[in-house]
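Asker: Okay, so here is coords_24.txt, and as you'll see once you scroll down, it has compact mmCIF, C-alpha atoms.
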```
# COMPACT_ATOMS: atom_id res chain seq x y z
CA MET A 1 7.94 0.43 24.40
CA SER A 2 9.06 1.38 20.97
CA PHE A 3 7.13 0.76 17.79
CA LYS A 4 9.43 -2.21 17.27
CA ASP A 5 8.21 -3.70 20.55
CA PHE A 6 4.64 -3.18 19.38
CA ILE A 7 5.33 -5.06 16.16
CA LYS A 8 6.97 -7.86 18.17
CA SER A 9 3.95 -7.98 20.46
CA LEU A 10 1.77 -8.96 17.51
CA ASN A 11 3.20 -12.41 18.07
CA ASN A 12 2.54 -12.66 21.80
CA ASP A 13 -0.29 -14.49 23.55
CA LYS A 14 -1.99 -11.30 24.80
CA VAL A 15 -4.56 -9.16 23.01
CA GLU A 16 -1.94 -7.73 20.62
CA GLY A 17 -1.20 -11.25 19.49
CA GLU A 18 -4.81 -11.63 18.35
CA LEU A 19 -4.89 -8.51 16.19
CA VAL A 20 -3.48 -10.05 13.01
CA LYS A 21 -5.84 -12.98 13.41
CA THR A 22 -8.75 -10.51 13.75
CA ILE A 23 -7.90 -8.98 10.37
CA PHE A 24 -7.76 -12.42 8.81
CA VAL A 25 -11.09 -13.54 10.32
CA SER A 26 -12.77 -10.28 9.35
CA LEU A 27 -11.54 -10.43 5.75
CA ALA A 28 -12.42 -14.11 5.44
CA THR A 29 -15.96 -13.50 6.75
CA SER A 30 -16.56 -10.55 4.47
CA PHE A 31 -15.14 -12.15 1.32
CA VAL A 32 -16.98 -15.42 1.94
CA LEU A 33 -20.23 -13.48 2.35
CA ILE A 34 -19.60 -11.52 -0.86
CA GLY A 35 -18.65 -14.74 -2.66
CA ILE A 36 -21.83 -16.54 -1.60
CA LEU A 37 -24.06 -13.60 -2.46
CA TYR A 38 -22.26 -13.20 -5.76
CA LEU A 39 -22.91 -16.80 -6.73
CA LEU A 40 -26.54 -16.65 -5.63
CA ARG A 41 -27.64 -13.23 -6.79
CA LEU A 42 -25.08 -10.53 -7.50
CA ARG A 43 -23.61 -12.04 -10.64
CA TYR A 44 -26.93 -11.46 -12.39
CA ILE A 45 -26.63 -7.74 -11.78
CA GLU A 46 -25.27 -5.98 -14.84
CA ASN A 47 -21.75 -4.57 -14.41
CA PHE A 48 -21.65 -5.56 -10.76
CA ILE A 49 -17.86 -5.91 -10.55
CA PRO A 50 -16.87 -2.77 -12.52
CA LYS A 51 -19.51 -0.71 -10.76
CA TYR A 52 -19.21 -1.84 -7.15
CA GLY A 53 -16.16 -4.16 -6.90
CA PHE A 54 -13.55 -1.52 -6.16
CA TYR A 55 -15.55 0.29 -3.48
CA LEU A 56 -16.71 -2.94 -1.89
CA PHE A 57 -13.17 -4.29 -1.75
CA PHE A 58 -11.82 -1.24 0.06
CA ALA A 59 -14.86 -1.02 2.33
CA VAL A 60 -14.20 -4.59 3.46
CA LEU A 61 -10.51 -3.85 4.05
CA SER A 62 -11.53 -0.78 6.06
CA TYR A 63 -13.90 -2.79 8.27
CA SER A 64 -11.17 -5.28 9.11
CA LEU A 65 -8.94 -2.43 10.35
CA ILE A 66 -11.75 -0.73 12.26
CA LEU A 67 -12.78 -3.97 13.99
CA LEU A 68 -9.18 -4.66 14.91
CA SER A 69 -9.01 -1.33 16.76
CA VAL A 70 -12.41 -1.88 18.38
CA LYS A 71 -11.27 -5.25 19.68
CA HIS A 72 -8.05 -3.76 21.00
CA VAL A 73 -9.96 -1.06 22.91
CA ARG A 74 -12.53 -3.48 24.30
CA ALA A 75 -9.81 -5.71 25.72
CA TYR A 76 -8.81 -3.02 28.24
CA LYS A 77 -12.23 -1.38 28.65
CA GLU A 78 -11.11 1.69 30.65
CA PHE A 79 -8.66 4.38 29.64
CA PRO A 80 -7.55 7.76 31.00
CA CYS A 81 -9.55 10.69 29.72
CA MET A 82 -7.13 11.96 27.07
CA SER A 83 -6.49 8.51 25.61
CA GLY A 84 -10.20 7.70 25.63
CA MET A 85 -11.03 10.89 23.79
CA MET A 86 -8.37 10.15 21.20
CA ILE A 87 -9.74 6.62 20.82
CA GLY A 88 -13.32 7.85 20.42
CA MET A 89 -12.30 10.54 17.97
CA THR A 90 -10.04 8.35 15.82
CA ILE A 91 -12.38 5.39 15.58
CA GLY A 92 -15.41 7.64 15.12
CA MET A 93 -13.76 9.66 12.40
CA VAL A 94 -12.30 6.75 10.45
CA SER A 95 -15.38 4.53 10.76
CA GLY A 96 -17.49 7.47 9.57
CA PHE A 97 -15.24 8.69 6.79
CA LEU A 98 -14.45 5.42 5.02
CA PRO A 99 -17.97 3.93 4.71
CA GLY A 100 -19.24 7.42 3.90
CA PHE A 101 -16.70 7.76 1.12
CA PHE A 102 -17.24 4.34 -0.44
CA ILE A 103 -21.05 4.38 -0.25
CA ALA A 104 -21.28 7.94 -1.52
CA SER A 105 -19.22 6.84 -4.54
CA THR A 106 -22.05 4.55 -5.61
CA ASN A 107 -25.18 6.01 -3.98
CA GLY A 108 -24.63 9.74 -3.71
CA MET A 109 -23.71 12.17 -1.00
CA PHE A 110 -26.85 11.99 1.09
CA TRP A 111 -26.90 8.23 1.48
CA GLY A 112 -23.13 7.97 1.80
CA SER A 113 -23.14 10.58 4.54
CA PHE A 114 -26.15 8.98 6.20
CA VAL A 115 -24.50 5.54 6.44
CA GLY A 116 -21.11 7.06 7.27
CA MET A 117 -22.54 9.19 10.06
CA SER A 118 -24.54 6.29 11.47
CA MET A 119 -21.53 3.99 11.56
CA GLY A 120 -19.16 6.72 12.74
CA ILE A 121 -21.42 7.83 15.59
CA LEU A 122 -22.11 4.22 16.62
CA PHE A 123 -18.44 3.18 16.70
CA GLY A 124 -17.21 6.53 18.00
CA ALA A 125 -19.60 6.59 20.97
CA TRP A 126 -19.15 2.88 21.67
CA ASN A 127 -15.36 3.10 21.81
CA GLY A 128 -15.21 6.55 23.37
CA LYS A 129 -17.19 5.10 26.28
CA CYS A 130 -13.89 3.70 27.58
CA CYS A 131 -13.24 7.03 29.29
CA GLY A 132 -16.76 8.16 30.07
CA ILE A 133 -19.06 10.79 28.68
CA MET A 134 -16.30 12.96 27.22
CA GLY A 135 -15.15 10.11 25.01
CA VAL A 136 -18.71 9.34 23.99
CA ILE A 137 -19.36 12.93 22.94
CA GLU A 138 -15.98 13.12 21.18
CA GLY A 139 -16.72 9.88 19.33
CA MET A 140 -20.20 11.01 18.30
CA MET A 141 -18.90 14.33 17.10
CA ALA A 142 -16.08 12.75 15.12
CA GLY A 143 -18.41 10.13 13.62
CA PHE A 144 -20.85 12.82 12.57
CA MET A 145 -18.09 14.88 10.99
CA GLY A 146 -16.30 11.92 9.39
CA GLY A 147 -19.48 10.57 7.80
CA LEU A 148 -20.34 13.91 6.25
CA MET A 149 -16.79 14.54 5.09
CA GLY A 150 -16.46 11.08 3.54
CA GLY A 151 -19.67 11.49 1.55
CA MET A 152 -18.78 14.99 0.47
CA THR A 153 -15.23 14.13 -0.57
CA ALA A 154 -16.40 11.25 -2.75
CA ILE A 155 -18.95 13.39 -4.56
CA MET A 156 -16.45 16.15 -5.17
CA MET A 157 -14.03 13.63 -6.68
CA LEU A 158 -16.51 12.07 -9.10
CA ASN A 159 -14.99 13.73 -12.13
CA ASP A 160 -11.51 13.69 -10.71
CA ASN A 161 -9.46 10.70 -9.56
CA LEU A 162 -12.11 9.10 -7.38
CA LYS A 163 -10.60 5.62 -7.28
CA ALA A 164 -7.09 6.91 -6.61
CA ALA A 165 -8.54 9.07 -3.83
CA GLY A 166 -10.21 5.94 -2.42
CA VAL A 167 -6.85 4.19 -2.22
CA VAL A 168 -5.22 7.26 -0.66
CA VAL A 169 -7.87 7.75 2.05
CA PHE A 170 -7.74 4.04 2.84
CA ILE A 171 -3.95 4.06 3.24
CA VAL A 172 -4.00 7.22 5.35
CA SER A 173 -6.77 5.82 7.57
CA GLY A 174 -4.85 2.56 7.86
CA PHE A 175 -1.78 4.38 9.17
CA ILE A 176 -3.89 6.43 11.57
CA LEU A 177 -5.44 3.25 12.98
CA LEU A 178 -2.02 1.64 13.23
CA GLY A 179 -0.91 4.69 15.23
CA LEU A 180 -3.97 4.34 17.45
CA ASN A 181 -3.20 0.69 18.15
CA TYR A 182 0.37 1.60 19.00
CA MET A 183 -0.93 4.29 21.36
CA ILE A 184 -3.25 1.76 23.04
CA TYR A 185 -0.29 -0.61 23.35
CA THR A 186 1.90 2.00 25.06
CA GLU A 187 -0.93 3.14 27.36
CA THR A 188 -1.83 -0.31 28.55
CA ARG A 189 1.53 -1.83 29.54
CA GLU A 190 0.65 -1.47 33.21
CA MET A 191 -2.94 -2.67 32.74
CA GLU A 192 -4.49 -6.09 32.93
CA ARG A 193 -6.69 -7.32 30.14
CA LYS A 194 -10.28 -6.95 31.29
CA HIS A 195 -12.32 -8.41 28.47
CA LYS A 196 -11.85 -11.13 25.91
CA ASP A 197 -13.87 -11.17 22.71
CA ASP A 198 -13.93 -14.46 20.88
CA GLU A 199 -13.87 -14.70 17.10
CA PHE A 200 -17.66 -14.62 16.97
CA PHE A 201 -17.42 -10.90 17.74
CA THR A 202 -15.29 -10.30 14.64
CA ILE A 203 -17.41 -12.58 12.48
CA PHE A 204 -20.66 -10.96 13.60
CA TRP A 205 -19.52 -7.39 13.01
CA SER A 206 -17.74 -8.13 9.73
CA PHE A 207 -20.83 -9.93 8.48
CA LEU A 208 -23.12 -7.11 9.55
CA LEU A 209 -21.02 -4.26 8.16
CA THR A 210 -20.31 -6.01 4.86
CA ALA A 211 -23.97 -6.98 4.44
CA ILE A 212 -25.16 -3.43 5.14
CA THR A 213 -22.61 -1.96 2.73
CA LEU A 214 -23.34 -4.48 0.00
CA LEU A 215 -27.11 -4.17 0.26
CA PHE A 216 -26.90 -0.42 0.41
CA MET A 217 -24.58 -0.12 -2.58
CA VAL A 218 -26.50 -2.51 -4.81
CA PHE A 219 -30.11 -2.23 -3.73
CA GLY A 220 -30.17 0.88 -1.57
CA PRO A 221 -31.62 4.30 -2.33
CA ARG A 222 -29.63 6.67 -4.52
CA SER A 223 -29.33 10.37 -5.08
CA LEU A 224 -30.69 11.80 -8.31
CA LEU A 225 -27.21 11.96 -9.83
CA PHE A 226 -26.86 8.18 -9.62
CA GLN A 227 -30.26 7.13 -10.98
CA MET B 228 4.78 -18.37 13.82
CA ALA B 229 0.99 -17.99 14.15
CA LYS B 230 1.27 -14.35 13.16
CA ASN B 231 3.11 -15.26 9.98
CA ILE B 232 0.48 -17.81 9.01
CA TYR B 233 -2.29 -15.27 9.48
CA LEU B 234 -0.30 -12.65 7.60
CA LEU B 235 0.09 -15.08 4.73
CA GLY B 236 -3.65 -15.79 4.90
CA ILE B 237 -4.43 -12.05 4.80
CA PHE B 238 -2.13 -11.60 1.82
CA ILE B 239 -3.75 -14.48 -0.06
CA LEU B 240 -7.27 -13.27 0.73
CA ILE B 241 -6.50 -9.73 -0.41
CA ALA B 242 -4.77 -10.98 -3.55
CA ILE B 243 -7.64 -13.27 -4.57
CA ALA B 244 -10.42 -10.84 -3.65
CA GLY B 245 -8.51 -7.97 -5.22
CA PHE B 246 -8.06 -9.89 -8.44
CA LEU B 247 -11.76 -10.74 -8.58
CA LEU B 248 -13.18 -7.40 -7.43
CA LEU B 249 -10.80 -4.94 -9.04
CA LYS B 250 -10.87 -6.26 -12.58
CA GLY B 251 -13.49 -3.77 -13.74
CA GLU B 252 -12.80 -1.17 -16.37
CA ALA B 253 -11.47 2.16 -15.26
CA SER B 254 -13.78 5.05 -15.93
CA LYS B 255 -12.83 7.10 -18.96
CA SER B 256 -13.27 10.73 -19.56
CA ILE B 257 -14.68 11.17 -23.04
CA ASP B 258 -15.12 14.49 -24.77
CA VAL B 259 -18.53 14.69 -26.38
CA GLN B 260 -19.10 17.52 -28.75
CA GLY B 261 -22.51 19.10 -28.67
CA ASN B 262 -24.56 20.87 -31.29
CA THR B 263 -25.17 24.52 -30.97
CA LEU B 264 -28.37 25.72 -32.56
CA PRO B 265 -27.50 28.57 -34.92
CA GLY B 266 -29.58 31.73 -35.14
CA GLU B 267 -29.73 35.18 -33.70
CA VAL B 268 -29.00 33.64 -30.33
CA GLN B 269 -26.83 30.52 -30.22
CA LYS B 270 -28.77 28.07 -28.05
CA VAL B 271 -27.01 25.27 -26.21
CA THR B 272 -28.67 22.71 -23.95
CA LEU B 273 -26.54 20.82 -21.46
CA GLY B 274 -27.60 17.73 -19.54
CA THR B 275 -25.65 15.32 -17.38
CA LYS B 276 -24.15 11.93 -18.10
CA ASP B 277 -21.57 9.99 -16.07
CA TYR B 278 -21.77 12.70 -13.39
CA ASN B 279 -20.59 15.40 -15.78
CA TYR B 280 -22.07 17.89 -18.22
CA TYR B 281 -23.24 16.32 -21.45
CA PRO B 282 -22.12 17.27 -24.00
CA ASN B 283 -18.96 18.58 -22.43
CA THR B 284 -17.49 20.28 -25.47
CA ILE B 285 -19.46 23.04 -27.17
CA LYS B 286 -18.65 25.32 -30.09
CA VAL B 287 -19.97 28.83 -30.44
CA GLU B 288 -19.25 31.87 -32.58
CA ALA B 289 -17.59 34.93 -31.14
CA GLY B 290 -19.56 38.14 -30.96
CA LYS B 291 -22.97 36.47 -31.07
CA PRO B 292 -25.15 35.97 -27.99
CA VAL B 293 -25.12 32.50 -26.44
CA SER B 294 -27.91 31.08 -24.32
CA ILE B 295 -27.09 27.96 -22.32
CA THR B 296 -29.91 25.95 -20.79
CA LEU B 297 -29.19 23.37 -18.11
CA ASP B 298 -31.90 20.73 -18.49
CA LYS B 299 -33.72 18.88 -15.70
CA SER B 300 -31.05 16.20 -15.42
CA VAL B 301 -28.54 18.79 -14.17
CA THR B 302 -28.69 18.82 -10.38
CA GLY B 303 -26.82 20.04 -7.31
CA CYS B 304 -23.81 22.28 -7.72
CA LEU B 305 -23.72 21.54 -11.47
CA ARG B 306 -26.52 24.09 -11.76
CA SER B 307 -24.07 26.76 -10.71
CA PHE B 308 -22.36 27.38 -14.03
CA ILE B 309 -19.06 29.22 -14.47
CA ILE B 310 -16.85 30.19 -17.43
CA LYS B 311 -14.11 31.98 -15.56
CA ASP B 312 -12.22 33.28 -18.60
CA LEU B 313 -15.35 34.82 -20.10
CA GLY B 314 -16.61 36.26 -16.81
CA VAL B 315 -19.72 34.10 -16.79
CA SER B 316 -21.11 32.91 -13.46
CA LYS B 317 -24.74 32.08 -12.79
CA TYR B 318 -26.84 29.78 -10.66
CA ALA B 319 -29.67 28.53 -12.86
CA ARG B 320 -32.24 27.26 -10.39
CA ASP B 321 -34.33 25.52 -13.07
CA PRO B 322 -34.30 25.05 -16.87
CA SER B 323 -36.32 28.24 -17.39
CA GLN B 324 -33.34 30.25 -16.15
CA THR B 325 -30.73 30.41 -18.89
CA ILE B 326 -27.10 31.46 -18.82
CA ASP B 327 -26.81 34.28 -21.32
CA PHE B 328 -23.62 35.93 -22.46
CA THR B 329 -21.82 37.13 -25.56
CA PRO B 330 -18.29 35.75 -25.98
CA ALA B 331 -16.12 38.66 -27.02
CA LYS B 332 -12.85 36.80 -27.52
CA LYS B 333 -11.96 33.71 -29.51
CA GLY B 334 -10.26 30.72 -27.97
CA THR B 335 -10.79 27.54 -26.02
CA PHE B 336 -12.01 27.97 -22.46
CA ARG B 337 -13.01 25.67 -19.64
CA PHE B 338 -16.43 25.79 -18.09
CA SER B 339 -17.31 24.13 -14.81
CA CYS B 340 -19.69 24.10 -11.92
CA SER B 341 -18.85 26.37 -9.01
CA MET B 342 -17.11 23.54 -7.14
CA GLY B 343 -15.18 22.27 -10.15
CA MET B 344 -16.84 18.86 -10.00
CA GLY B 345 -18.41 18.99 -13.44
CA TYR B 346 -16.49 20.58 -16.28
CA GLY B 347 -16.15 20.89 -20.04
CA THR B 348 -14.77 22.99 -22.85
CA ILE B 349 -16.27 25.84 -24.82
CA ILE B 350 -14.63 26.65 -28.13
CA VAL B 351 -15.27 30.18 -29.34
CA GLU B 352 -14.51 30.52 -33.06
```
Since I need it in another form, could you write the structure as structure tokens?
Answerer:
Amino acid sequence: MSFKDFIKSLNNDKVEGELVKTIFVSLATSFVLIGILYLLRLRYIENFIPKYGFYLFFAVLSYSLILLSVKHVRAYKEFPCMSGMMIGMTIGMVSGFLPGFFIASTNGMFWGSFVGMSMGILFGAWNGKCCGIMGVIEGMMAGFMGGLMGGMTAIMMLNDNLKAAGVVVFIVSGFILLGLNYMIYTETREMERKHKDDEFFTIFWSFLLTAITLLFMVFGPRSLLFQ
Amino acid sequence: MAKNIYLLGIFILIAIAGFLLLKGEASKSIDVQGNTLPGEVQKVTLGTKDYNYYPNTIKVEAGKPVSITLDKSVTGCLRSFIIKDLGVSKYARDPSQTIDFTPAKKGTFRFSCSMGMGYGTIIVE
């Protein structure tokens, strides 16, 4: 079960074979939503693209990767304790850090951390549940920490290379999630798939996360520094 | 085969969305020189603009007292003001608390907040 096998499995008819499609559906949903809202309302907002475009773009890319991992975990439902804790921690941390970072870049540390922590704790606990209470606690803890760290990092980078840092944290998180999916693949070779999410799951969550991020960035409350 | 089609779709989506969403101007760091009020004490007032001190370049005379006021727009860690090379470090809780010092040596020095997030240049002539 090498990494090469994992890459090959992205073409099979099991859950791994649906992962690439999940990214596509998630991105399509998010970009269509942004496109519609842009035509209806957002284009009338001064400097919308220069101000929010970059952060929104990477937030949407992040959600597609997070949802892909969530879907992968949900397909097998139950994991051994160590794997479950790693799943809860990784998903909690990444889904806290990235939204926290991108929202803090436009709304300030408090609101970035608030949204990051909320998302991180929600996804961390939800996915950590696959191994019981330890995974839930691990996920909540990681989500809490990731959200705060994401918000804080963005604010500290404001006068430095904030956008470059955004690209770097996205790439690093992407590789971490890829590693997590590979770990899930290796851990589940002896397991049967227990749950099948249809594309509505991806569409619903992509829509919700993108809408929350967009509304928060553009119309949400801001710290004093951003007013 | 299906994977390749979706991969192509992802690439196209990212390319189009990236082109449309990333075309904004990059932020620029501009040096803005501020006026120092002459007198017995050289008074400088700093505010914030674009998440940094404004003005972010100030000129003062060596050997004469300097009083820096951080106005109400300066918040968070930017209120903790440091000029490392001149040995100046003070947390000014509100605008009534000024940062007072007398620059003994001439030169160009960096000032910043305690976390290095906001920064600027002080030129001592």
Asker: Could you please determine the separation between CA of Lys196 (chain A) and CA of Val15 (chain A) in Å, to one decimal place?
Answerer: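 CA of Lys196 (chain A) sits 8.1 Å away from CA of Val15 (chain A).
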Asker: Counting only C-alpha atoms, what is within 10 Å of Trp205 (chain A), bar same-chain residues fewer than 2 positions away, as a VMD selection string?
Answerer: chain A and resid 26 29 to 30 63 to 64 67 200 to 203 207 to 211
Asker: Considering all atoms listed in the file, give me a table of residues in chain B that are at most 12 Å from chain A, with the closest atom pair and distance in Å for each, as JSON lines.
Answerer:
```
{"residue": "B:Met228", "atom": "CA", "partner": "A:Asn11", "partner_atom": "CA", "distance": 7.5}
{"residue": "B:Ala229", "atom": "CA", "partner": "A:Asn11", "partner_atom": "CA", "distance": 7.2}
{"residue": "B:Lys230", "atom": "CA", "partner": "A:Asn11", "partner_atom": "CA", "distance": 5.6}
{"residue": "B:Asn231", "atom": "CA", "partner": "A:Asn11", "partner_atom": "CA", "distance": 8.6}
{"residue": "B:Ile232", "atom": "CA", "partner": "A:Lys21", "partner_atom": "CA", "distance": 9.1}
{"residue": "B:Tyr233", "atom": "CA", "partner": "A:Lys21", "partner_atom": "CA", "distance": 5.8}
{"residue": "B:Leu234", "atom": "CA", "partner": "A:Val20", "partner_atom": "CA", "distance": 6.8}
{"residue": "B:Leu235", "atom": "CA", "partner": "A:Phe24", "partner_atom": "CA", "distance": 9.2}
{"residue": "B:Gly236", "atom": "CA", "partner": "A:Phe24", "partner_atom": "CA", "distance": 6.6}
{"residue": "B:Ile237", "atom": "CA", "partner": "A:Phe24", "partner_atom": "CA", "distance": 5.2}
{"residue": "B:Phe238", "atom": "CA", "partner": "A:Phe24", "partner_atom": "CA", "distance": 9.0}
{"residue": "B:Ile239", "atom": "CA", "partner": "A:Phe24", "partner_atom": "CA", "distance": 9.9}
{"residue": "B:Leu240", "atom": "CA", "partner": "A:Ala28", "partner_atom": "CA", "distance": 7.0}
{"residue": "B:Ile241", "atom": "CA", "partner": "A:Leu27", "partner_atom": "CA", "distance": 8.0}
{"residue": "B:Ala242", "atom": "CA", "partner": "A:Phe57", "partner_atom": "CA", "distance": 10.9}
{"residue": "B:Ile243", "atom": "CA", "partner": "A:Phe31", "partner_atom": "CA", "distance": 9.6}
{"residue": "B:Ala244", "atom": "CA", "partner": "A:Phe31", "partner_atom": "CA", "distance": 7.0}
{"residue": "B:Gly245", "atom": "CA", "partner": "A:Phe57", "partner_atom": "CA", "distance": 6.9}
{"residue": "B:Phe246", "atom": "CA", "partner": "A:Gly53", "partner_atom": "CA", "distance": 10.0}
{"residue": "B:Leu247", "atom": "CA", "partner": "A:Ile49", "partner_atom": "CA", "distance": 8.0}
{"residue": "B:Leu248", "atom": "CA", "partner": "A:Gly53", "partner_atom": "CA", "distance": 4.4}
{"residue": "B:Leu249", "atom": "CA", "partner": "A:Phe54", "partner_atom": "CA", "distance": 5.2}
{"residue": "B:Lys250", "atom": "CA", "partner": "A:Pro50", "partner_atom": "CA", "distance": 6.9}
{"residue": "B:Gly251", "atom": "CA", "partner": "A:Pro50", "partner_atom": "CA", "distance": 3.7}
{"residue": "B:Glu252", "atom": "CA", "partner": "A:Pro50", "partner_atom": "CA", "distance": 5.8}
{"residue": "B:Ala253", "atom": "CA", "partner": "A:Pro50", "partner_atom": "CA", "distance": 7.8}
{"residue": "B:Ser254", "atom": "CA", "partner": "A:Pro50", "partner_atom": "CA", "distance": 9.1}
{"residue": "B:Lys255", "atom": "CA", "partner": "A:Asn159", "partner_atom": "CA", "distance": 9.8}
{"residue": "B:Ser256", "atom": "CA", "partner": "A:Asn159", "partner_atom": "CA", "distance": 8.2}
{"residue": "B:Ile257", "atom": "CA", "partner": "A:Asn159", "partner_atom": "CA", "distance": 11.2}
{"residue": "B:Gly274", "atom": "CA", "partner": "A:Leu225", "partner_atom": "CA", "distance": 11.3}
{"residue": "B:Thr275", "atom": "CA", "partner": "A:Leu225", "partner_atom": "CA", "distance": 8.4}
{"residue": "B:Lys276", "atom": "CA", "partner": "A:Leu225", "partner_atom": "CA", "distance": 8.8}
{"residue": "B:Asp277", "atom": "CA", "partner": "A:Asn159", "partner_atom": "CA", "distance": 8.5}
{"residue": "B:Tyr278", "atom": "CA", "partner": "A:Leu225", "partner_atom": "CA", "distance": 6.5}
{"residue": "B:Asn279", "atom": "CA", "partner": "A:Asn159", "partner_atom": "CA", "distance": 6.9}
{"residue": "B:Tyr280", "atom": "CA", "partner": "A:Asn159", "partner_atom": "CA", "distance": 10.2}
{"residue": "B:Lys299", "atom": "CA", "partner": "A:Leu224", "partner_atom": "CA", "distance": 10.7}
{"residue": "B:Ser300", "atom": "CA", "partner": "A:Leu225", "partner_atom": "CA", "distance": 8.0}
{"residue": "B:Val301", "atom": "CA", "partner": "A:Leu225", "partner_atom": "CA", "distance": 8.2}
{"residue": "B:Thr302", "atom": "CA", "partner": "A:Leu225", "partner_atom": "CA", "distance": 7.0}
{"residue": "B:Gly303", "atom": "CA", "partner": "A:Leu225", "partner_atom": "CA", "distance": 8.5}
{"residue": "B:Cys304", "atom": "CA", "partner": "A:Met156", "partner_atom": "CA", "distance": 9.9}
{"residue": "B:Leu305", "atom": "CA", "partner": "A:Leu225", "partner_atom": "CA", "distance": 10.3}
{"residue": "B:Ser339", "atom": "CA", "partner": "A:Asn159", "partner_atom": "CA", "distance": 11.0}
{"residue": "B:Cys340", "atom": "CA", "partner": "A:Met156", "partner_atom": "CA", "distance": 10.9}
{"residue": "B:Ser341", "atom": "CA", "partner": "A:Met156", "partner_atom": "CA", "distance": 11.2}
{"residue": "B:Met342", "atom": "CA", "partner": "A:Met156", "partner_atom": "CA", "distance": 7.7}
{"residue": "B:Gly343", "atom": "CA", "partner": "A:Met156", "partner_atom": "CA", "distance": 8.0}
{"residue": "B:Met344", "atom": "CA", "partner": "A:Met156", "partner_atom": "CA", "distance": 5.6}
{"residue": "B:Gly345", "atom": "CA", "partner": "A:Asn159", "partner_atom": "CA", "distance": 6.4}
{"residue": "B:Tyr346", "atom": "CA", "partner": "A:Asn159", "partner_atom": "CA", "distance": 8.1}
{"residue": "B:Gly347", "atom": "CA", "partner": "A:Asn159", "partner_atom": "CA", "distance": 10.7}
```
Asker: By how many Å are CA of Gly166 (chain A) and CA of Gly135 (chain A) apart?
Answerer: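 Value for the CA of Gly166 (chain A)-CA of Gly135 (chain A) distance: 28.2 Å.
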Asker: With distances taken over only C-alpha atoms, which residue among A:Gly179, A:Gly220, A:Gly143, A:Gly151 lies nearest Gly88 (chain A)?
Answerer: A:Gly143
Asker: Counting all atoms listed in the file, which residues sit no farther than 9 Å from the position (-25.1, 11.0, -2.9) in the file's frame? I'd like them as a ChimeraX atom specification.
Answerer: /A:103-113,151-152,154-155,222-226
Asker: What gap, in Å, lies between CA of Met119 (chain A) and CA of Ala59 (chain A)?
Answerer: 12.4 Å
Asker: Where's the centre, and what are the edge lengths in Å to one decimal, of a box along x, y and z enclosing all listed atoms of region 45-58 of chain A padded 8 Å per side, as lines of an AutoDock Vina configuration file?
Answerer:
```
center_x = -19.2
center_y = -3.7
center_z = -7.4
size_x = 30.8
size_y = 24.0
size_z = 30.9
```
Asker: Counting only C-alpha atoms, figure out which residue out of B:Val268, B:Leu297, B:Val287, B:Ile349 gets nearest to Arg320 (chain B).
Answerer: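 That would be B:Leu297, the residue with the smallest distance to Arg320 (chain B).
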